[in-house]
>>> print(open('structure32.pdb').read())   # PDB, C-alpha atoms
ATOM      1  CA  MET A   1     -26.439 -20.156  25.164  1.00  0.00           C
ATOM      2  CA  VAL A   2     -25.374 -22.822  27.632  1.00  0.00           C
ATOM      3  CA  PRO A   3     -24.788 -21.757  31.278  1.00  0.00           C
ATOM      4  CA  MET A   4     -21.592 -23.752  31.803  1.00  0.00           C
ATOM      5  CA  ASN A   5     -21.288 -23.052  35.542  1.00  0.00           C
ATOM      6  CA  SER A   6     -24.623 -24.734  36.241  1.00  0.00           C
ATOM      7  CA  VAL A   7     -23.861 -27.569  33.790  1.00  0.00           C
ATOM      8  CA  THR A   8     -20.532 -28.182  35.550  1.00  0.00           C
ATOM      9  CA  THR A   9     -22.106 -28.304  39.010  1.00  0.00           C
ATOM     10  CA  ARG A  10     -24.951 -30.571  37.883  1.00  0.00           C
ATOM     11  CA  ALA A  11     -22.574 -32.880  35.981  1.00  0.00           C
ATOM     12  CA  ILE A  12     -20.207 -33.572  38.885  1.00  0.00           C
ATOM     13  CA  ASP A  13     -23.143 -34.035  41.271  1.00  0.00           C
ATOM     14  CA  HIS A  14     -24.626 -36.661  38.913  1.00  0.00           C
ATOM     15  CA  ALA A  15     -21.243 -38.392  38.483  1.00  0.00           C
ATOM     16  CA  ARG A  16     -20.765 -38.598  42.254  1.00  0.00           C
ATOM     17  CA  ASP A  17     -24.226 -40.146  42.617  1.00  0.00           C
ATOM     18  CA  SER A  18     -23.902 -42.665  39.754  1.00  0.00           C
ATOM     19  CA  ALA A  19     -22.711 -46.238  40.262  1.00  0.00           C
ATOM     20  CA  GLU A  20     -20.119 -45.852  37.461  1.00  0.00           C
ATOM     21  CA  GLY A  21     -18.966 -42.412  38.594  1.00  0.00           C
ATOM     22  CA  ILE A  22     -19.587 -40.990  35.120  1.00  0.00           C
ATOM     23  CA  PHE A  23     -22.060 -38.468  33.758  1.00  0.00           C
ATOM     24  CA  SER A  24     -22.202 -36.849  30.334  1.00  0.00           C
ATOM     25  CA  GLU A  25     -24.396 -34.261  28.708  1.00  0.00           C
ATOM     26  CA  ARG A  26     -24.172 -33.061  25.124  1.00  0.00           C
ATOM     27  CA  VAL A  27     -24.257 -29.265  25.184  1.00  0.00           C
ATOM     28  CA  VAL A  28     -23.629 -28.452  21.490  1.00  0.00           C
ATOM     29  CA  ARG A  29     -24.468 -30.343  18.314  1.00  0.00           C
ATOM     30  CA  ASN A  30     -24.043 -28.185  15.242  1.00  0.00           C
ATOM     31  CA  GLY A  31     -23.364 -29.982  11.991  1.00  0.00           C
ATOM     32  CA  PRO A  32     -20.282 -32.127  12.533  1.00  0.00           C
ATOM     33  CA  LEU A  33     -19.299 -30.278  15.753  1.00  0.00           C
ATOM     34  CA  GLN A  34     -20.242 -32.017  18.966  1.00  0.00           C
ATOM     35  CA  GLN A  35     -19.379 -30.770  22.456  1.00  0.00           C
ATOM     36  CA  THR A  36     -20.090 -32.885  25.499  1.00  0.00           C
ATOM     37  CA  VAL A  37     -19.575 -32.131  29.170  1.00  0.00           C
ATOM     38  CA  VAL A  38     -18.159 -35.228  30.849  1.00  0.00           C
ATOM     39  CA  ALA A  39     -17.892 -35.545  34.623  1.00  0.00           C
ATOM     40  CA  LEU A  40     -15.861 -38.294  36.279  1.00  0.00           C
ATOM     41  CA  ARG A  41     -15.694 -39.111  39.964  1.00  0.00           C
ATOM     42  CA  GLU A  42     -12.129 -39.695  41.198  1.00  0.00           C
ATOM     43  CA  GLY A  43     -10.940 -43.078  39.895  1.00  0.00           C
ATOM     44  CA  ALA A  44     -13.690 -43.355  37.238  1.00  0.00           C
ATOM     45  CA  ARG A  45     -12.488 -44.366  33.822  1.00  0.00           C
ATOM     46  CA  LEU A  46     -13.493 -44.012  30.197  1.00  0.00           C
ATOM     47  CA  ALA A  47     -12.336 -47.278  28.683  1.00  0.00           C
ATOM     48  CA  GLU A  48      -9.525 -47.339  26.160  1.00  0.00           C
ATOM     49  CA  HIS A  49     -10.816 -47.181  22.613  1.00  0.00           C
ATOM     50  CA  ASP A  50      -9.548 -46.569  19.111  1.00  0.00           C
ATOM     51  CA  SER A  51     -10.601 -43.311  17.530  1.00  0.00           C
ATOM     52  CA  ASP A  52      -9.558 -41.315  14.513  1.00  0.00           C
ATOM     53  CA  VAL A  53     -12.173 -38.618  15.195  1.00  0.00           C
ATOM     54  CA  PRO A  54     -10.540 -35.189  15.675  1.00  0.00           C
ATOM     55  CA  ALA A  55     -11.185 -34.300  19.324  1.00  0.00           C
ATOM     56  CA  SER A  56      -9.951 -32.151  22.173  1.00  0.00           C
ATOM     57  CA  LEU A  57     -10.443 -32.059  25.938  1.00  0.00           C
ATOM     58  CA  TYR A  58     -10.716 -28.895  28.004  1.00  0.00           C
ATOM     59  CA  ILE A  59     -10.448 -29.601  31.732  1.00  0.00           C
ATOM     60  CA  MET A  60     -12.918 -27.294  33.452  1.00  0.00           C
ATOM     61  CA  ALA A  61     -12.172 -28.601  36.963  1.00  0.00           C
ATOM     62  CA  GLY A  62     -10.054 -31.462  38.318  1.00  0.00           C
ATOM     63  CA  ALA A  63      -7.456 -33.592  36.557  1.00  0.00           C
ATOM     64  CA  VAL A  64      -7.311 -36.684  34.329  1.00  0.00           C
ATOM     65  CA  ARG A  65      -4.651 -39.083  33.135  1.00  0.00           C
ATOM     66  CA  VAL A  66      -4.886 -39.820  29.425  1.00  0.00           C
ATOM     67  CA  GLU A  67      -3.803 -43.388  28.714  1.00  0.00           C
ATOM     68  CA  ALA A  68      -2.153 -43.446  25.310  1.00  0.00           C
ATOM     69  CA  SER A  69       1.143 -44.690  23.864  1.00  0.00           C
ATOM     70  CA  GLU A  70       2.707 -41.826  25.839  1.00  0.00           C
ATOM     71  CA  PRO A  71       0.414 -41.183  28.863  1.00  0.00           C
ATOM     72  CA  PHE A  72      -0.008 -37.629  30.159  1.00  0.00           C
ATOM     73  CA  VAL A  73      -1.969 -35.693  32.775  1.00  0.00           C
ATOM     74  CA  LEU A  74      -4.312 -32.783  32.074  1.00  0.00           C
ATOM     75  CA  GLN A  75      -5.299 -30.379  34.862  1.00  0.00           C
ATOM     76  CA  SER A  76      -7.904 -27.667  35.348  1.00  0.00           C
ATOM     77  CA  GLY A  77      -7.515 -25.054  32.615  1.00  0.00           C
ATOM     78  CA  ASP A  78      -5.642 -27.358  30.207  1.00  0.00           C
ATOM     79  CA  LEU A  79      -6.843 -27.752  26.619  1.00  0.00           C
ATOM     80  CA  HIS A  80      -5.326 -30.618  24.674  1.00  0.00           C
ATOM     81  CA  GLU A  81      -5.850 -32.237  21.298  1.00  0.00           C
ATOM     82  CA  MET A  82      -6.527 -35.939  21.816  1.00  0.00           C
ATOM     83  CA  PRO A  83      -4.205 -38.431  20.146  1.00  0.00           C
ATOM     84  CA  SER A  84      -5.592 -40.076  16.994  1.00  0.00           C
ATOM     85  CA  ARG A  85      -4.933 -43.583  18.253  1.00  0.00           C
ATOM     86  CA  ARG A  86      -5.903 -45.853  21.120  1.00  0.00           C
ATOM     87  CA  ARG A  87      -6.686 -43.830  24.248  1.00  0.00           C
ATOM     88  CA  GLY A  88      -8.542 -43.875  27.545  1.00  0.00           C
ATOM     89  CA  VAL A  89      -9.100 -41.416  30.383  1.00  0.00           C
ATOM     90  CA  THR A  90      -8.962 -41.890  34.169  1.00  0.00           C
ATOM     91  CA  ALA A  91      -9.961 -39.215  36.686  1.00  0.00           C
ATOM     92  CA  VAL A  92      -7.107 -38.374  39.066  1.00  0.00           C
ATOM     93  CA  MET A  93      -9.669 -36.413  41.131  1.00  0.00           C
ATOM     94  CA  ASP A  94     -13.306 -35.443  40.617  1.00  0.00           C
ATOM     95  CA  THR A  95     -13.223 -33.869  37.153  1.00  0.00           C
ATOM     96  CA  VAL A  96     -15.464 -32.024  34.717  1.00  0.00           C
ATOM     97  CA  MET A  97     -14.240 -31.633  31.152  1.00  0.00           C
ATOM     98  CA  LEU A  98     -15.554 -30.421  27.832  1.00  0.00           C
ATOM     99  CA  MET A  99     -14.953 -32.867  25.010  1.00  0.00           C
ATOM    100  CA  SER A 100     -15.127 -31.319  21.537  1.00  0.00           C
ATOM    101  CA  ALA A 101     -15.189 -33.544  18.477  1.00  0.00           C
ATOM    102  CA  VAL A 102     -15.818 -33.303  14.788  1.00  0.00           C
ATOM    103  CA  THR A 103     -18.109 -36.138  13.798  1.00  0.00           C
ATOM    104  CA  SER A 104     -20.146 -37.189  10.852  1.00  0.00           C
ATOM    105  CA  ILE A 105     -23.878 -36.933  11.199  1.00  0.00           C
ATOM    106  CA  PRO A 106     -25.872 -40.006  10.209  1.00  0.00           C
ATOM    107  CA  SER A 107     -28.744 -39.380   7.837  1.00  0.00           C
ATOM    108  CA  GLU A 108     -32.222 -39.542   9.350  1.00  0.00           C
ATOM    109  CA  ASP A 109     -32.829 -42.977   7.847  1.00  0.00           C
ATOM    110  CA  SER A 110     -29.439 -44.279   8.995  1.00  0.00           C
ATOM    111  CA  SER A 111     -29.061 -46.558  11.979  1.00  0.00           C
ATOM    112  CA  GLY A 112     -25.554 -45.217  12.650  1.00  0.00           C
ATOM    113  CA  SER A 113     -24.600 -44.067  16.124  1.00  0.00           C
ATOM    114  CA  ASP A 114     -22.773 -40.920  17.106  1.00  0.00           C
ATOM    115  CA  LEU A 115     -19.467 -40.428  18.900  1.00  0.00           C
ATOM    116  CA  HIS A 116     -21.209 -40.186  22.281  1.00  0.00           C
ATOM    117  CA  ASP A 117     -22.279 -43.837  22.004  1.00  0.00           C
ATOM    118  CA  HIS A 118     -18.718 -45.006  21.333  1.00  0.00           C
ATOM    119  CA  VAL A 119     -16.783 -42.999  23.896  1.00  0.00           C
ATOM    120  CA  LEU A 120     -19.026 -43.196  26.960  1.00  0.00           C
ATOM    121  CA  PRO A 121     -20.541 -46.258  28.557  1.00  0.00           C
ATOM    122  CA  PRO A 122     -24.337 -46.489  28.370  1.00  0.00           C
ATOM    123  CA  ALA A 123     -26.164 -44.639  31.145  1.00  0.00           C
TER     124      ALA A 123
END
>>> encode(input="structure32.pdb", output="structure tokens")
Amino acid sequence: MVPMNSVTTRAIDHARDSAEGIFSERVVRNGPLQQTVVALREGARLAEHDSDVPASLYIMAGAVRVEASEPFVLQSGDLHEMPSRRRGVTAVMDTVMLMSAVTSIPSEDSSGSDLHDHVLPPA
């Protein structure tokens, strides 16, 4: 069990205190399912990137603008499947979201990285 209220509070506090305005914490990793809480201070941005990984965003608090071929805004309570093409995210206000993705898991002897390393800047 993951106490999401405390994770949400801690995540936005860390994002507000970080130089980049971003904080992330993986809360579920079960086989190919990965769920990560991502907090963004207002104006913080996850850089545009190409991805064909099935993913969705659930906005727990705040609002973001998804930069894609057809940009859109997600607000608190919105759940949206992410486009399978080039995309980026910018916080319209302080935001905490749950990113769910189906990934492949590298074997123990593999040097492959996971989705977290590609989507979020290094801490």
>>> resolve_selection(input="structure32.pdb", expression="the PyMOL selection byres ((chain A and resi 46) around 7)", output="list of chain:residue names")
A:Arg45, A:Ala47, A:Glu48, A:Gly88, A:Val89, A:Thr90, A:Leu120
>>> axis_aligned_box(input="structure32.pdb", around="stretch 5-15 of chain A", padding_each_side="4 Å", output="JSON")
{"center_x": -22.6, "center_y": -30.7, "center_z": 37.5, "size_x": 12.7, "size_y": 23.3, "size_z": 15.5}
>>> closest_residue(input="structure32.pdb", among="A:Met93, A:Val53, A:Val38, A:Val73", to="A:Arg26", atoms="all atoms listed in the file")
A:Val38
>>> atom_distance(input="structure32.pdb", atom1="atom CA of A:Glu25", atom2="atom CA of A:Ser69")
28.0 Å
>>> closest_residue(input="structure32.pdb", among="A:Ala44, A:Arg29, A:Leu98, A:Gln35", to="A:Ile59", atoms="all atoms listed in the file")
A:Leu98
>>> closest_residue(input="structure32.pdb", among="A:Glu67, A:Glu42, A:Glu20, A:Asp13", to="A:Pro83", atoms="only C-alpha atoms")
A:Glu67
>>> atom_distance(input="structure32.pdb", atom1="atom CA of A:Val7", atom2="atom CA of A:Phe23")
11.0 Å
>>> residues_near_point(input="structure32.pdb", point="(-7.9, -31.7, 38.4)", cutoff="6 Å", atoms="all atoms listed in the file", output="number ranges by chain")
A: 61-63, 75-76, 93, 95
>>> closest_residue(input="structure32.pdb", among="A:Leu40, A:Met99, A:Met60, A:Leu33", to="A:Ala19", atoms="all atoms listed in the file")
A:Leu40
